[in-house]
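Chemist: I'm passing along entry_24.txt; it holds compact mmCIF, C-alpha atoms.
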```
# COMPACT_ATOMS: atom_id res chain seq x y z
CA MET A 279 0.00 0.00 0.00
CA GLY A 280 1.65 3.20 -1.13
CA ASP A 281 -0.32 5.73 0.93
CA ARG A 282 1.04 6.72 4.30
CA LEU A 283 -1.63 6.22 6.94
CA THR A 284 -2.23 7.44 10.44
CA ILE A 285 -3.12 4.19 12.22
CA LEU A 286 -4.69 4.19 15.69
CA PHE A 287 -3.93 0.95 17.54
CA THR A 288 -5.79 0.11 20.74
CA ASN A 289 -4.75 -2.24 23.54
CA ILE A 290 -6.24 -2.57 27.01
CA TRP A 291 -2.82 -2.26 28.68
CA LEU A 292 0.81 -1.60 27.90
CA LYS A 293 2.38 -2.19 31.29
CA SER A 294 4.61 -5.25 31.02
CA HIS A 295 5.81 -7.81 28.49
CA GLY A 296 2.82 -9.90 27.34
CA GLY A 297 1.32 -11.37 24.20
CA SER A 298 -0.89 -8.50 23.04
CA GLU A 299 1.67 -5.89 24.09
CA VAL A 300 4.33 -7.53 21.90
CA VAL A 301 1.88 -7.74 18.98
CA VAL A 302 1.10 -4.02 19.21
CA ARG A 303 4.77 -3.12 19.57
CA ASP A 304 5.77 -5.11 16.52
CA LEU A 305 2.88 -3.88 14.38
CA ALA A 306 3.36 -0.25 15.38
CA THR A 307 7.14 -0.21 14.88
CA GLY A 308 6.79 -2.22 11.67
CA ALA A 309 4.21 0.24 10.32
CA MET A 310 6.49 3.12 11.24
CA ARG A 311 9.37 1.52 9.30
CA ARG A 312 7.07 1.51 6.27
CA GLY A 313 6.37 5.22 6.54
CA HIS A 314 3.01 5.08 8.35
CA ARG A 315 2.22 7.12 11.45
CA PRO A 316 1.22 4.76 14.30
CA ILE A 317 -0.52 5.97 17.45
CA VAL A 318 -1.30 3.59 20.33
CA TYR A 319 -4.15 4.18 22.76
CA THR A 320 -4.18 2.28 26.05
CA PRO A 321 -6.10 3.02 29.26
CA ALA A 322 -3.24 1.51 31.30
CA ALA A 323 0.27 2.58 30.35
CA GLY A 324 3.48 1.48 32.05
CA ASP A 325 7.05 0.46 31.31
CA PHE A 326 6.09 -1.20 28.04
CA ALA A 327 4.39 1.98 26.85
CA GLN A 328 7.56 3.88 27.68
CA GLU A 329 9.56 1.43 25.59
CA LEU A 330 7.28 2.20 22.64
CA ARG A 331 7.65 5.94 23.18
CA GLY A 332 11.40 5.42 23.17
CA LYS A 333 11.06 4.09 19.62
CA GLY A 334 9.20 7.21 18.48
CA VAL A 335 5.66 5.80 18.70
CA VAL A 336 3.04 8.11 20.22
CA VAL A 337 1.26 6.39 23.14
CA ILE A 338 -1.77 8.10 24.70
CA GLU A 339 -3.99 7.29 27.66
CA ASP A 340 -6.74 9.77 26.78
CA LEU A 341 -8.39 9.79 23.34
CA ARG A 342 -9.32 13.43 23.82
CA MET A 343 -5.65 14.26 23.28
CA LEU A 344 -5.91 13.21 19.62
CA ALA A 345 -6.42 16.47 17.72
CA GLU A 346 -6.64 14.75 14.32
CA ALA A 347 -8.72 11.77 13.33
CA PRO A 348 -6.73 8.71 12.23
CA ASP A 349 -7.18 7.20 8.79
CA ILE A 350 -7.99 3.76 10.23
CA ILE A 351 -8.43 2.12 13.62
CA HIS A 352 -6.61 -1.19 14.24
CA ALA A 353 -8.33 -2.32 17.41
CA HIS A 354 -7.49 -4.91 20.02
CA HIS A 355 -9.71 -5.47 23.08
CA ALA A 356 -13.36 -4.58 23.44
CA ILE A 357 -13.28 -1.60 25.82
CA PRO A 358 -10.56 0.54 24.18
CA CYS A 359 -11.83 -0.55 20.74
CA ALA A 360 -15.30 0.80 21.49
CA GLU A 361 -13.87 3.98 23.03
CA ALA A 362 -11.98 4.69 19.80
CA LEU A 363 -15.03 3.95 17.63
CA ILE A 364 -17.20 6.25 19.73
CA ARG A 365 -14.54 8.97 19.68
CA PHE A 366 -14.17 8.74 15.87
CA PRO A 367 -17.58 7.66 14.54
CA SER A 368 -16.70 8.10 10.86
CA VAL A 369 -13.30 6.34 10.82
CA PRO A 370 -13.20 2.78 9.38
CA ALA A 371 -11.73 0.05 11.55
CA ILE A 372 -10.64 -3.56 11.89
CA ASN A 373 -11.25 -5.50 15.11
CA VAL A 374 -8.77 -8.24 16.08
CA CYS A 375 -9.58 -11.30 18.25
CA GLN A 376 -6.54 -13.08 19.71
CA ALA A 377 -8.10 -15.45 22.28
CA PHE A 378 -10.91 -18.00 22.30
CA GLU A 379 -12.41 -17.18 25.70
CA TYR A 380 -10.81 -14.13 27.32
CA TRP A 381 -13.54 -11.50 27.77
CA VAL A 382 -11.43 -8.54 26.66
CA GLU A 383 -10.95 -10.22 23.25
CA ALA A 384 -14.69 -10.22 22.48
CA PRO A 385 -15.66 -8.32 19.32
CA VAL A 386 -17.74 -5.17 19.38
CA HIS A 387 -20.51 -4.50 16.89
CA PHE A 388 -20.03 -1.10 15.29
CA PRO A 389 -20.76 -0.11 11.67
CA GLN A 390 -17.22 1.27 11.22
CA ILE A 391 -15.72 -2.22 11.39
CA GLY A 392 -14.95 -3.38 7.88
CA ALA A 393 -13.28 -6.64 8.89
CA TYR A 394 -12.78 -8.84 11.93
CA VAL A 395 -9.40 -10.57 12.22
CA ALA A 396 -8.87 -13.92 13.98
CA THR A 397 -5.40 -15.26 14.76
CA ASP A 398 -6.46 -18.91 14.38
CA ALA A 399 -9.40 -21.19 13.69
CA ALA A 400 -10.55 -21.16 17.31
CA CYS A 401 -10.81 -17.37 17.33
CA ARG A 402 -12.61 -17.47 13.99
CA ASP A 403 -15.14 -19.89 15.45
CA ARG A 404 -15.65 -17.61 18.43
CA LEU A 405 -16.41 -14.68 16.13
CA VAL A 406 -18.70 -16.61 13.79
CA HIS A 407 -20.39 -19.17 16.04
CA ALA A 408 -20.47 -17.42 19.42
CA GLU A 409 -20.66 -13.75 18.43
CA GLY A 410 -22.77 -13.88 15.26
CA ILE A 411 -20.24 -12.23 12.94
CA ASP A 412 -20.87 -12.82 9.22
CA PRO A 413 -18.16 -15.30 8.05
CA ALA A 414 -17.53 -13.11 5.00
CA ARG A 415 -16.35 -10.34 7.33
CA VAL A 416 -13.81 -12.55 9.15
CA VAL A 417 -10.18 -12.90 8.03
CA VAL A 418 -7.68 -15.32 9.60
CA LEU A 419 -4.17 -13.85 9.92
CA HIS A 420 -1.71 -15.91 11.95
CA ASN A 421 0.77 -14.52 14.46
CA SER A 422 4.20 -13.39 13.32
CA VAL A 423 7.62 -12.54 14.71
CA ASP A 424 9.74 -9.48 13.99
CA LEU A 425 12.90 -11.20 12.77
CA LYS A 426 14.82 -7.95 13.06
CA ARG A 427 14.69 -8.44 16.83
CA VAL A 428 16.18 -11.94 16.70
CA PRO A 429 19.98 -12.02 17.09
CA PRO A 430 22.14 -14.77 15.56
CA ARG A 431 22.43 -17.99 17.54
CA PRO A 432 25.80 -18.22 19.33
CA ARG A 433 26.16 -21.88 18.31
CA PRO A 434 24.33 -24.52 16.25
CA LEU A 435 21.96 -26.93 17.95
CA PRO A 436 23.88 -29.79 19.62
CA ASP A 437 23.31 -33.52 19.04
CA ARG A 438 21.34 -33.68 22.28
CA PRO A 439 19.73 -30.81 24.19
CA GLN A 440 21.95 -29.36 26.88
CA ARG A 441 20.05 -26.21 27.89
CA ALA A 442 16.27 -26.03 28.20
CA LEU A 443 13.89 -23.17 28.93
CA ALA A 444 10.26 -23.04 30.05
CA PHE A 445 8.96 -19.85 28.43
CA GLY A 446 5.71 -17.95 29.02
CA LYS A 447 2.78 -19.99 30.32
CA ALA A 448 4.95 -23.13 30.34
CA ALA A 449 6.95 -21.64 33.21
CA ALA A 450 4.06 -22.69 35.48
CA VAL A 451 4.39 -26.39 34.52
CA THR A 452 6.42 -27.97 37.33
CA GLU A 453 6.75 -31.27 35.46
CA VAL A 454 9.05 -29.63 32.91
CA ARG A 455 11.80 -29.11 35.48
CA SER A 456 11.46 -32.73 36.64
CA ALA A 457 11.67 -34.07 33.07
CA CYS A 458 14.80 -32.03 32.35
CA LYS A 459 16.39 -33.14 35.62
CA ALA A 460 15.71 -36.78 34.75
CA LEU A 461 17.71 -36.33 31.53
CA SER A 462 20.46 -34.15 33.07
CA ILE A 463 19.49 -31.07 31.03
CA ASP A 464 20.18 -27.62 32.49
CA PHE A 465 16.85 -25.90 33.08
CA GLU A 466 15.70 -22.28 33.40
CA ALA A 467 12.34 -20.49 33.21
CA ILE A 468 11.11 -17.11 31.98
CA GLY A 469 7.55 -16.04 32.69
CA GLN A 470 5.21 -14.61 35.29
CA ALA A 471 5.08 -17.92 37.16
CA ALA A 472 8.87 -17.95 37.41
CA GLY A 473 9.00 -14.38 38.70
CA ARG A 474 11.22 -13.45 35.77
CA VAL A 475 9.95 -11.42 32.80
CA THR A 476 11.97 -9.75 30.07
CA SER A 477 10.89 -7.39 27.30
CA HIS A 478 13.47 -8.90 24.93
CA PRO A 479 13.26 -12.68 25.39
CA GLU A 480 14.67 -13.37 21.93
CA ALA A 481 18.11 -12.28 23.17
CA GLU A 482 17.99 -15.18 25.64
CA LEU A 483 16.04 -17.69 23.55
CA VAL A 484 18.85 -18.01 21.01
CA GLY A 485 21.06 -19.43 23.76
CA PHE A 486 18.80 -22.42 24.47
CA ASP A 487 18.55 -25.73 22.61
CA LEU A 488 15.08 -26.79 23.75
CA VAL A 489 12.14 -24.58 24.73
CA PHE A 490 8.83 -25.52 26.34
CA ALA A 491 6.17 -22.99 25.34
CA SER A 492 2.75 -22.44 23.78
CA ALA A 493 1.00 -20.00 21.44
CA ARG A 494 3.04 -16.95 20.42
CA ALA A 495 5.87 -17.87 22.81
CA ALA A 496 6.32 -21.17 20.95
CA LEU A 497 6.46 -19.33 17.62
CA GLU A 498 9.09 -16.92 18.93
CA ALA A 499 11.21 -19.83 20.14
CA LEU A 500 10.96 -21.55 16.76
CA CYS A 501 12.06 -18.37 14.98
CA CYS A 502 15.02 -18.21 17.37
CA GLY A 503 16.15 -21.62 16.10
CA CYS A 504 15.17 -23.67 19.15
CA ALA A 505 13.59 -27.09 19.23
CA VAL A 506 10.16 -26.59 20.80
CA ILE A 507 7.83 -28.78 22.84
CA VAL A 508 4.38 -27.18 22.89
CA CYS A 509 2.82 -27.29 26.36
CA ASP A 510 1.43 -25.25 29.21
CA SER A 511 -0.78 -25.92 32.22
CA ARG A 512 -3.75 -26.71 29.91
CA GLY A 513 -2.03 -29.64 28.20
CA MET A 514 0.58 -30.65 25.67
CA ALA A 515 0.92 -30.93 21.88
CA GLY A 516 4.44 -32.34 21.94
CA LEU A 517 7.58 -31.71 19.92
CA VAL A 518 7.17 -29.49 16.85
CA THR A 519 8.41 -31.33 13.77
CA SER A 520 8.37 -30.88 10.02
CA ASP A 521 5.37 -33.21 9.90
CA ASN A 522 3.13 -31.38 12.38
CA PHE A 523 4.32 -27.77 11.98
CA GLN A 524 1.55 -26.69 9.60
CA ASP A 525 -1.24 -28.12 11.72
CA LEU A 526 0.16 -26.61 14.92
CA ARG A 527 0.65 -23.21 13.28
CA GLU A 528 -2.95 -23.15 12.08
CA ARG A 529 -3.94 -23.79 15.71
CA ASN A 530 -1.52 -21.09 16.90
CA PHE A 531 0.37 -23.72 18.95
CA GLY A 532 -2.42 -23.05 21.44
CA LEU A 533 -5.67 -24.22 22.98
CA ARG A 534 -6.90 -26.67 20.34
CA SER A 535 -3.49 -28.32 20.04
CA LEU A 536 -3.06 -28.96 23.78
CA THR A 537 -4.88 -32.29 23.73
CA THR A 538 -2.52 -34.49 25.78
CA PRO A 539 -2.21 -34.23 29.59
CA VAL A 540 1.15 -32.94 30.78
CA GLY A 541 3.23 -35.52 32.65
CA VAL A 542 6.90 -36.14 33.36
CA ASP A 543 6.96 -39.39 31.36
CA ALA A 544 5.27 -37.79 28.34
CA LEU A 545 7.68 -34.84 28.46
CA VAL A 546 10.69 -37.15 28.70
CA GLU A 547 9.42 -39.11 25.71
CA ASN A 548 9.11 -35.93 23.64
CA ILE A 549 12.53 -34.69 24.72
CA ARG A 550 14.03 -37.97 23.51
CA ARG A 551 12.48 -37.31 20.07
CA TYR A 552 14.72 -34.24 19.74
CA ASP A 553 16.39 -34.10 16.32
CA ARG A 554 18.67 -31.13 15.74
CA ASP A 555 18.47 -31.35 11.92
CA ASP A 556 14.69 -31.41 11.88
CA ALA A 557 14.55 -28.65 14.52
CA ALA A 558 16.77 -26.49 12.32
CA ALA A 559 14.52 -27.16 9.31
CA VAL A 560 11.40 -26.28 11.31
CA GLY A 561 13.03 -23.08 12.54
CA ALA A 562 13.96 -22.06 9.00
CA ARG A 563 10.40 -22.71 7.85
CA ALA A 564 8.95 -20.70 10.75
CA ARG A 565 11.18 -17.74 9.86
CA VAL A 566 9.86 -17.79 6.30
CA GLU A 567 6.15 -18.25 7.07
CA ALA A 568 5.91 -16.18 10.25
CA ASP A 569 8.00 -13.19 9.18
CA LEU A 570 6.39 -9.96 10.44
CA GLU A 571 6.93 -8.35 7.03
CA LYS A 572 4.41 -10.76 5.50
CA LEU A 573 1.84 -9.94 8.16
CA LEU A 574 2.41 -6.22 7.60
CA ASP A 575 1.74 -6.82 3.88
CA ASP A 576 -1.50 -8.61 4.80
CA PHE A 577 -2.63 -5.80 7.08
CA GLU A 578 -1.80 -3.11 4.51
CA ASN A 579 -3.89 -4.99 1.95
CA LEU A 580 -6.71 -5.32 4.47
CA TYR A 581 -6.52 -1.59 5.30
CA ALA A 582 -6.88 -0.83 1.59
CA GLU A 583 -9.94 -3.09 1.28
CA VAL A 584 -11.54 -1.40 4.32
CA LEU A 585 -10.70 2.15 3.27
CA THR A 586 -11.45 2.07 -0.45
CA GLY A 587 -12.18 -1.51 -1.49
CA ARG A 588 -14.76 -4.23 -1.15
CA ARG A 589 -14.72 -4.16 2.66
CA ARG A 590 -15.43 -0.45 2.99
CA PRO A 591 -18.10 -0.17 5.70
CA SER A 592 -21.38 1.68 5.34
CA ILE A 593 -21.57 4.06 8.29
CA THR A 594 -24.78 5.84 9.24
CA THR A 595 -25.60 7.88 12.32
CA ALA A 596 -28.49 5.59 13.20
CA ALA A 597 -26.33 2.46 12.97
CA HIS A 598 -23.59 4.07 15.07
CA ASP A 599 -26.06 5.19 17.75
CA ALA A 600 -27.54 1.69 17.89
CA ALA A 601 -24.02 0.24 18.27
CA VAL A 602 -23.25 2.59 21.14
CA ALA A 603 -26.49 1.60 22.88
CA ARG A 604 -25.67 -2.09 22.41
CA PHE A 605 -22.15 -1.63 23.76
CA LEU A 606 -23.37 0.21 26.84
CA HIS A 607 -25.97 -2.50 27.46
CA ASP A 608 -23.38 -5.26 27.05
CA TYR A 609 -20.64 -3.75 29.20
CA LEU A 610 -22.01 -1.32 31.78
CA PRO A 611 -23.40 -2.68 35.08
CA ARG A 612 -26.83 -1.36 36.00
CA HIS A 613 -27.05 -2.42 39.66
CA PRO A 614 -24.55 -3.48 42.37
CA ASN A 615 -25.08 -7.23 41.86
CA ASP A 616 -24.97 -7.10 38.07
CA PRO A 617 -22.65 -9.92 36.87
CA LYS A 618 -21.03 -7.45 34.45
CA TRP A 619 -19.43 -5.97 37.56
CA PRO A 620 -18.73 -9.11 39.61
CA GLY A 621 -17.91 -8.79 43.29
CA LEU A 622 -18.91 -5.13 43.63
CA ASP A 623 -20.48 -5.67 47.07
CA GLU A 624 -17.55 -7.81 48.12
CA ARG A 625 -15.10 -5.15 46.93
CA ILE A 626 -16.91 -2.49 48.97
CA ALA A 627 -16.87 -4.75 52.04
CA LEU A 628 -13.18 -5.53 51.54
CA ARG A 629 -12.38 -1.85 51.21
CA GLU A 630 -14.20 -1.12 54.46
CA ARG A 631 -12.36 -3.99 56.11
CA CYS A 632 -9.05 -2.65 54.80
CA LEU A 633 -9.81 0.74 56.35
CA GLN A 634 -10.64 -0.96 59.65
CA LEU A 635 -7.41 -2.94 59.55
CA GLU A 636 -5.43 0.18 58.71
CA GLU A 637 -6.93 1.90 61.76
CA GLN A 638 -6.16 -1.14 63.92
CA LEU A 639 -2.61 -1.22 62.57
CA ALA A 640 -2.13 2.47 63.35
CA GLY A 641 -3.40 1.83 66.88
CA ALA A 642 -1.15 -1.21 67.27
CA LEU A 643 1.87 0.78 66.10
CA GLN A 644 1.05 3.54 68.55
CA GLU A 645 0.71 0.97 71.33
CA GLN A 646 4.01 -0.60 70.26
CA ARG A 647 5.74 2.75 70.50
CA ALA A 648 4.25 3.31 73.95
CA LEU A 649 5.42 -0.15 75.10
CA ARG A 650 8.88 0.49 73.68
CA ASP A 651 9.05 3.76 75.62
CA ARG A 652 7.83 1.98 78.77
CA CYS A 653 10.45 -0.75 78.34
CA ALA A 654 13.15 1.88 77.93
CA GLN A 655 12.01 3.56 81.13
CA LEU A 656 12.00 0.28 83.03
CA GLN A 657 15.45 -0.64 81.71
CA HIS A 658 16.71 2.76 82.82
CA ARG A 659 15.20 2.25 86.28
CA VAL A 660 16.73 -1.22 86.55
CA GLU A 661 20.13 0.19 85.61
CA LEU A 662 19.80 2.89 88.29
CA GLU A 663 18.79 0.34 90.92
CA ARG A 664 21.69 -1.89 89.88
CA ARG A 665 24.13 0.97 90.36
CA ARG A 666 22.68 1.84 93.76
CA ALA A 667 22.74 -1.71 95.04
CA PRO A 668 25.56 -2.48 97.53
CA ARG A 669 28.43 -4.42 96.04
```
Would you encode the structure as structure tokens?

Modeler:
Amino acid sequence: MGDRLTILFTNIWLKSHGGSEVVVRDLATGAMRRGHRPIVYTPAAGDFAQELRGKGVVVIEDLRMLAEAPDIIHAHHAIPCAEALIRFPSVPAINVCQAFEYWVEAPVHFPQIGAYVATDAACRDRLVHAEGIDPARVVVLHNSVDLKRVPPRPRPLPDRPQRALAFGKAAAVTEVRSACKALSIDFEAIGQAAGRVTSHPEAELVGFDLVFASARAALEALCCGCAVIVCDSRGMAGLVTSDNFQDLRERNFGLRSLTTPVGVDALVENIRRYDRDDAAAVGARARVEADLEKLLDDFENLYAEVLTGRRRPSITTAAHDAAVARFLHDYLPRHPNDPKWPGLDERIALRERCLQLEEQLAGALQEQRALRDRCAQLQHRVELERRRAPR
């Protein structure tokens, strides 16, 4: 697409390193490399947002700060997506779904949306079969990896795995450590469950031979040249090979591929299937098929279809007003026990209890200080009496 566009991306948070944050970072920086003007809106900014700003990408937490309308909205997550569509009622948009169940990934129903994007077949089925989206409006675009972020591997894969890593959700699977210990493989973990998160995991991934991961984390590991066993706490798909790569990629190395229970014996069996030559071939294939540049091409083509082509939406004031009413009905609680706002009464009670405990703590601290002063006085008196006592 030759035209330079102002693209408004939305994401519910940009605080720490996570799946959707990485997607937005890569898409925004990739679009900027191609001459577009990316802007990212998030209601919850943090260190990750600051990293994006450091790359020259505008990140805002208030849509009122946007003095010019974007050319197109590239929306992730229901709440910020709807905010952007309400703020710019005449701007065309695409709405991306990246998870099968997570509530924030639900689509919104606004007339500006020219296309819905699913990252795999499961997300497509959610949009079509659970959300009533016309199949003709749904496009499947698989995840990608920005290969420009991946450094060269320091050494080729060895004959047998020597260093293994549990990455992402797999860091919570305790059986992985046990399986690696049984085969005398050095083991480390990166992920929330391990208490260790990095915004540039690819710099470390290239130093490992074998990685346990799922979904986007598995794809990143493959593009870093690692052998990968797909697993997390939901189940296991096993070692990625040349034979099963295509099927696992279509399932995003995720939910629908995790069909086998995780166990030490099953993990050991898959580790023993390790083949450095096949792993290298799979990694090379992943780098070709999952290159971010191809996904950027796909999105630019989709933008063109939505802006001026066959997917250009028909936007009327009546349709937009109806969409706003539907969104408010779907997402705003209307009474304290409304399930759209779960635990409201409990949260109020907990807050009151916290205030009570804070008052009790302040009283206890005051009493502690008084007791400490009293002890000091008594110690002083004892010392005086000791000095006065006959020797």

Chemist: Give me, please, the distance in Å between CA of Ile351 in chain A and CA of Ile372 in chain A, quoted to one decimal.

Modeler: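 Spanning CA of Ile351 in chain A to CA of Ile372 in chain A is a straight-line distance of 6.3 Å.
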
Chemist: With a cut-off of 12 Å, could you pull out the residues of range 461-516 of chain A touching range 319-342 of chain A and give me the nearest pair of atoms for each, distance in Å to one decimal, using only C-alpha atoms, ordered by chain and ascending number, as a Markdown table?

Modeler:
```
| residue | atom | partner | partner_atom | distance |
| --- | --- | --- | --- | --- |
| A:Val475 | CA | A:Phe326 | CA | 11.9 |
| A:Thr476 | CA | A:Phe326 | CA | 10.6 |
| A:Ser477 | CA | A:Phe326 | CA | 7.9 |
| A:His478 | CA | A:Glu329 | CA | 11.1 |
```

Chemist: Using all atoms listed in the file for the distances, tell me which of A:Ala345, A:Gln524, A:Gly308, A:Arg534 is nearest to Leu425 in chain A.

Modeler: A:Gly308

Chemist: Give as a ChimeraX atom specification each residue that has an atom at most 10 Å from (4.3, -0.1, 8.5) in the file, counting all atoms listed in the file.

Modeler: /A:279,282-283,285,304-316,571,574-575,577-578

Chemist: Can you tell me, as a ChimeraX atom specification, which residues sit within 8 Å of (-16.0, -9.7, 8.1) in the file's frame, using all atoms listed in the file?

Modeler: /A:392-395,411-417,589

Chemist: Near range 562-569 of chain A, within 8 Å and counting all atoms listed in the file, which residues show up once chain neighbours fewer than 5 positions away are dropped, as a PyMOL selection string?

Modeler: chain A and resi 420-425+497+500-501+503

Chemist: Taking only C-alpha atoms into account, name the residue in A:Thr595, A:Gln638, A:Thr538, A:Ser511 that is nearest to Phe366 in chain A.

Modeler: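 Ranking A:Thr595, A:Gln638, A:Thr538, A:Ser511 by distance to Phe366 in chain A, first place goes to A:Thr595.
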
Chemist: Which residues come within 10 Å of range 381-387 of chain A, counting only C-alpha atoms, excluding same-chain residues fewer than 3 positions away, as a PDB file with C-alpha atoms, in the coordinates of the input?

Modeler:
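Result saved to out.pdb:
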```pdb
ATOM      1  CA  ASN A 289      -4.750  -2.240  23.540  1.00  0.00           C
ATOM      2  CA  ILE A 290      -6.240  -2.570  27.010  1.00  0.00           C
ATOM      3  CA  ALA A 353      -8.330  -2.320  17.410  1.00  0.00           C
ATOM      4  CA  HIS A 354      -7.490  -4.910  20.020  1.00  0.00           C
ATOM      5  CA  HIS A 355      -9.710  -5.470  23.080  1.00  0.00           C
ATOM      6  CA  ALA A 356     -13.360  -4.580  23.440  1.00  0.00           C
ATOM      7  CA  ILE A 357     -13.280  -1.600  25.820  1.00  0.00           C
ATOM      8  CA  PRO A 358     -10.560   0.540  24.180  1.00  0.00           C
ATOM      9  CA  CYS A 359     -11.830  -0.550  20.740  1.00  0.00           C
ATOM     10  CA  ALA A 360     -15.300   0.800  21.490  1.00  0.00           C
ATOM     11  CA  LEU A 363     -15.030   3.950  17.630  1.00  0.00           C
ATOM     12  CA  ASN A 373     -11.250  -5.500  15.110  1.00  0.00           C
ATOM     13  CA  VAL A 374      -8.770  -8.240  16.080  1.00  0.00           C
ATOM     14  CA  CYS A 375      -9.580 -11.300  18.250  1.00  0.00           C
ATOM     15  CA  GLN A 376      -6.540 -13.080  19.710  1.00  0.00           C
ATOM     16  CA  ALA A 377      -8.100 -15.450  22.280  1.00  0.00           C
ATOM     17  CA  PHE A 378     -10.910 -18.000  22.300  1.00  0.00           C
ATOM     18  CA  GLN A 390     -17.220   1.270  11.220  1.00  0.00           C
ATOM     19  CA  ILE A 391     -15.720  -2.220  11.390  1.00  0.00           C
ATOM     20  CA  TYR A 394     -12.780  -8.840  11.930  1.00  0.00           C
ATOM     21  CA  VAL A 395      -9.400 -10.570  12.220  1.00  0.00           C
ATOM     22  CA  CYS A 401     -10.810 -17.370  17.330  1.00  0.00           C
ATOM     23  CA  ARG A 404     -15.650 -17.610  18.430  1.00  0.00           C
ATOM     24  CA  LEU A 405     -16.410 -14.680  16.130  1.00  0.00           C
ATOM     25  CA  ALA A 408     -20.470 -17.420  19.420  1.00  0.00           C
ATOM     26  CA  GLU A 409     -20.660 -13.750  18.430  1.00  0.00           C
ATOM     27  CA  GLY A 410     -22.770 -13.880  15.260  1.00  0.00           C
ATOM     28  CA  ILE A 411     -20.240 -12.230  12.940  1.00  0.00           C
ATOM     29  CA  ALA A 597     -26.330   2.460  12.970  1.00  0.00           C
ATOM     30  CA  HIS A 598     -23.590   4.070  15.070  1.00  0.00           C
ATOM     31  CA  ALA A 600     -27.540   1.690  17.890  1.00  0.00           C
ATOM     32  CA  ALA A 601     -24.020   0.240  18.270  1.00  0.00           C
ATOM     33  CA  VAL A 602     -23.250   2.590  21.140  1.00  0.00           C
ATOM     34  CA  ARG A 604     -25.670  -2.090  22.410  1.00  0.00           C
ATOM     35  CA  PHE A 605     -22.150  -1.630  23.760  1.00  0.00           C
ATOM     36  CA  ASP A 608     -23.380  -5.260  27.050  1.00  0.00           C
TER      37      ASP A 608
END
```

Chemist: Work out how far apart CA of Ala362 in chain A and CA of Asp349 in chain A are and give it in Å to one decimal.

Modeler: 12.3 Å

Chemist: Hey, could you pull the box centre and edge lengths for range 503-512 of chain A, axis-aligned, 5 Å padding per side, all listed atoms, to one decimal in Å, as AutoDock Vina command-line options?

Modeler:
```
--center_x 6.2 --center_y -25.2 --center_z 24.2 --size_x 29.9 --size_y 17.2 --size_z 26.1
```

Chemist: Tell me, as number ranges by chain, which residues lie within 12 Å of range 454-458 of chain A, counting all atoms listed in the file; anything in the same chain fewer than 6 positions away does not count.

Modeler: A: 439-445, 447-448, 464-467, 472, 488-491, 507-511, 514, 540-550

Chemist: Which value, in Å to one decimal, gives the distance between CA of Gln470 in chain A and CA of Gly297 in chain A?

Modeler: 12.2 Å

Chemist: Just the residues within 10 Å of Pro479 in chain A, please, counting all atoms listed in the file, with nothing from its chain fewer than 5 positions along; format it as a short mmCIF file (atom, residue, chain, number, x, y, z; two decimals) with C-alpha atoms, keeping the file's coordinate frame.

Modeler:
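Output saved as around-v1.cif:
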```cif
data_model
loop_
_atom_site.label_atom_id
_atom_site.label_comp_id
_atom_site.auth_asym_id
_atom_site.auth_seq_id
_atom_site.Cartn_x
_atom_site.Cartn_y
_atom_site.Cartn_z
CA HIS A 295 5.81 -7.81 28.49
CA ARG A 427 14.69 -8.44 16.83
CA VAL A 428 16.18 -11.94 16.70
CA PHE A 445 8.96 -19.85 28.43
CA GLY A 446 5.71 -17.95 29.02
CA ILE A 468 11.11 -17.11 31.98
CA GLY A 469 7.55 -16.04 32.69
CA VAL A 484 18.85 -18.01 21.01
CA ALA A 495 5.87 -17.87 22.81
CA GLU A 498 9.09 -16.92 18.93
CA ALA A 499 11.21 -19.83 20.14
CA CYS A 502 15.02 -18.21 17.37
#
```

Chemist: Just checking: using all atoms listed in the file, which residue out of A:Leu643, A:Ile593, A:Ala654, A:Ala481 ends up closest to Pro429 in chain A?

Modeler: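 The shortest atom-to-atom distance to Pro429 in chain A comes from A:Ala481.
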
Chemist: Neighbouring residues of Arg554 in chain A were defined as those with any atom within 12 Å, considering only C-alpha atoms; residues of the same chain fewer than 4 positions away were excluded. Please report them as a PDB file with C-alpha atoms, in the frame of the given file.

Modeler:
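Saved to result-v2.pdb:
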```
ATOM      1  CA  PRO A 434      24.330 -24.520  16.250  1.00  0.00           C
ATOM      2  CA  LEU A 435      21.960 -26.930  17.950  1.00  0.00           C
ATOM      3  CA  PRO A 436      23.880 -29.790  19.620  1.00  0.00           C
ATOM      4  CA  ASP A 437      23.310 -33.520  19.040  1.00  0.00           C
ATOM      5  CA  ARG A 438      21.340 -33.680  22.280  1.00  0.00           C
ATOM      6  CA  PRO A 439      19.730 -30.810  24.190  1.00  0.00           C
ATOM      7  CA  GLN A 440      21.950 -29.360  26.880  1.00  0.00           C
ATOM      8  CA  ASP A 487      18.550 -25.730  22.610  1.00  0.00           C
ATOM      9  CA  LEU A 488      15.080 -26.790  23.750  1.00  0.00           C
ATOM     10  CA  GLY A 503      16.150 -21.620  16.100  1.00  0.00           C
ATOM     11  CA  CYS A 504      15.170 -23.670  19.150  1.00  0.00           C
ATOM     12  CA  ALA A 505      13.590 -27.090  19.230  1.00  0.00           C
ATOM     13  CA  VAL A 506      10.160 -26.590  20.800  1.00  0.00           C
ATOM     14  CA  LEU A 517       7.580 -31.710  19.920  1.00  0.00           C
ATOM     15  CA  VAL A 518       7.170 -29.490  16.850  1.00  0.00           C
ATOM     16  CA  THR A 519       8.410 -31.330  13.770  1.00  0.00           C
ATOM     17  CA  SER A 520       8.370 -30.880  10.020  1.00  0.00           C
ATOM     18  CA  ILE A 549      12.530 -34.690  24.720  1.00  0.00           C
ATOM     19  CA  ARG A 550      14.030 -37.970  23.510  1.00  0.00           C
ATOM     20  CA  ALA A 558      16.770 -26.490  12.320  1.00  0.00           C
ATOM     21  CA  ALA A 559      14.520 -27.160   9.310  1.00  0.00           C
ATOM     22  CA  VAL A 560      11.400 -26.280  11.310  1.00  0.00           C
ATOM     23  CA  GLY A 561      13.030 -23.080  12.540  1.00  0.00           C
TER      24      GLY A 561
END
```
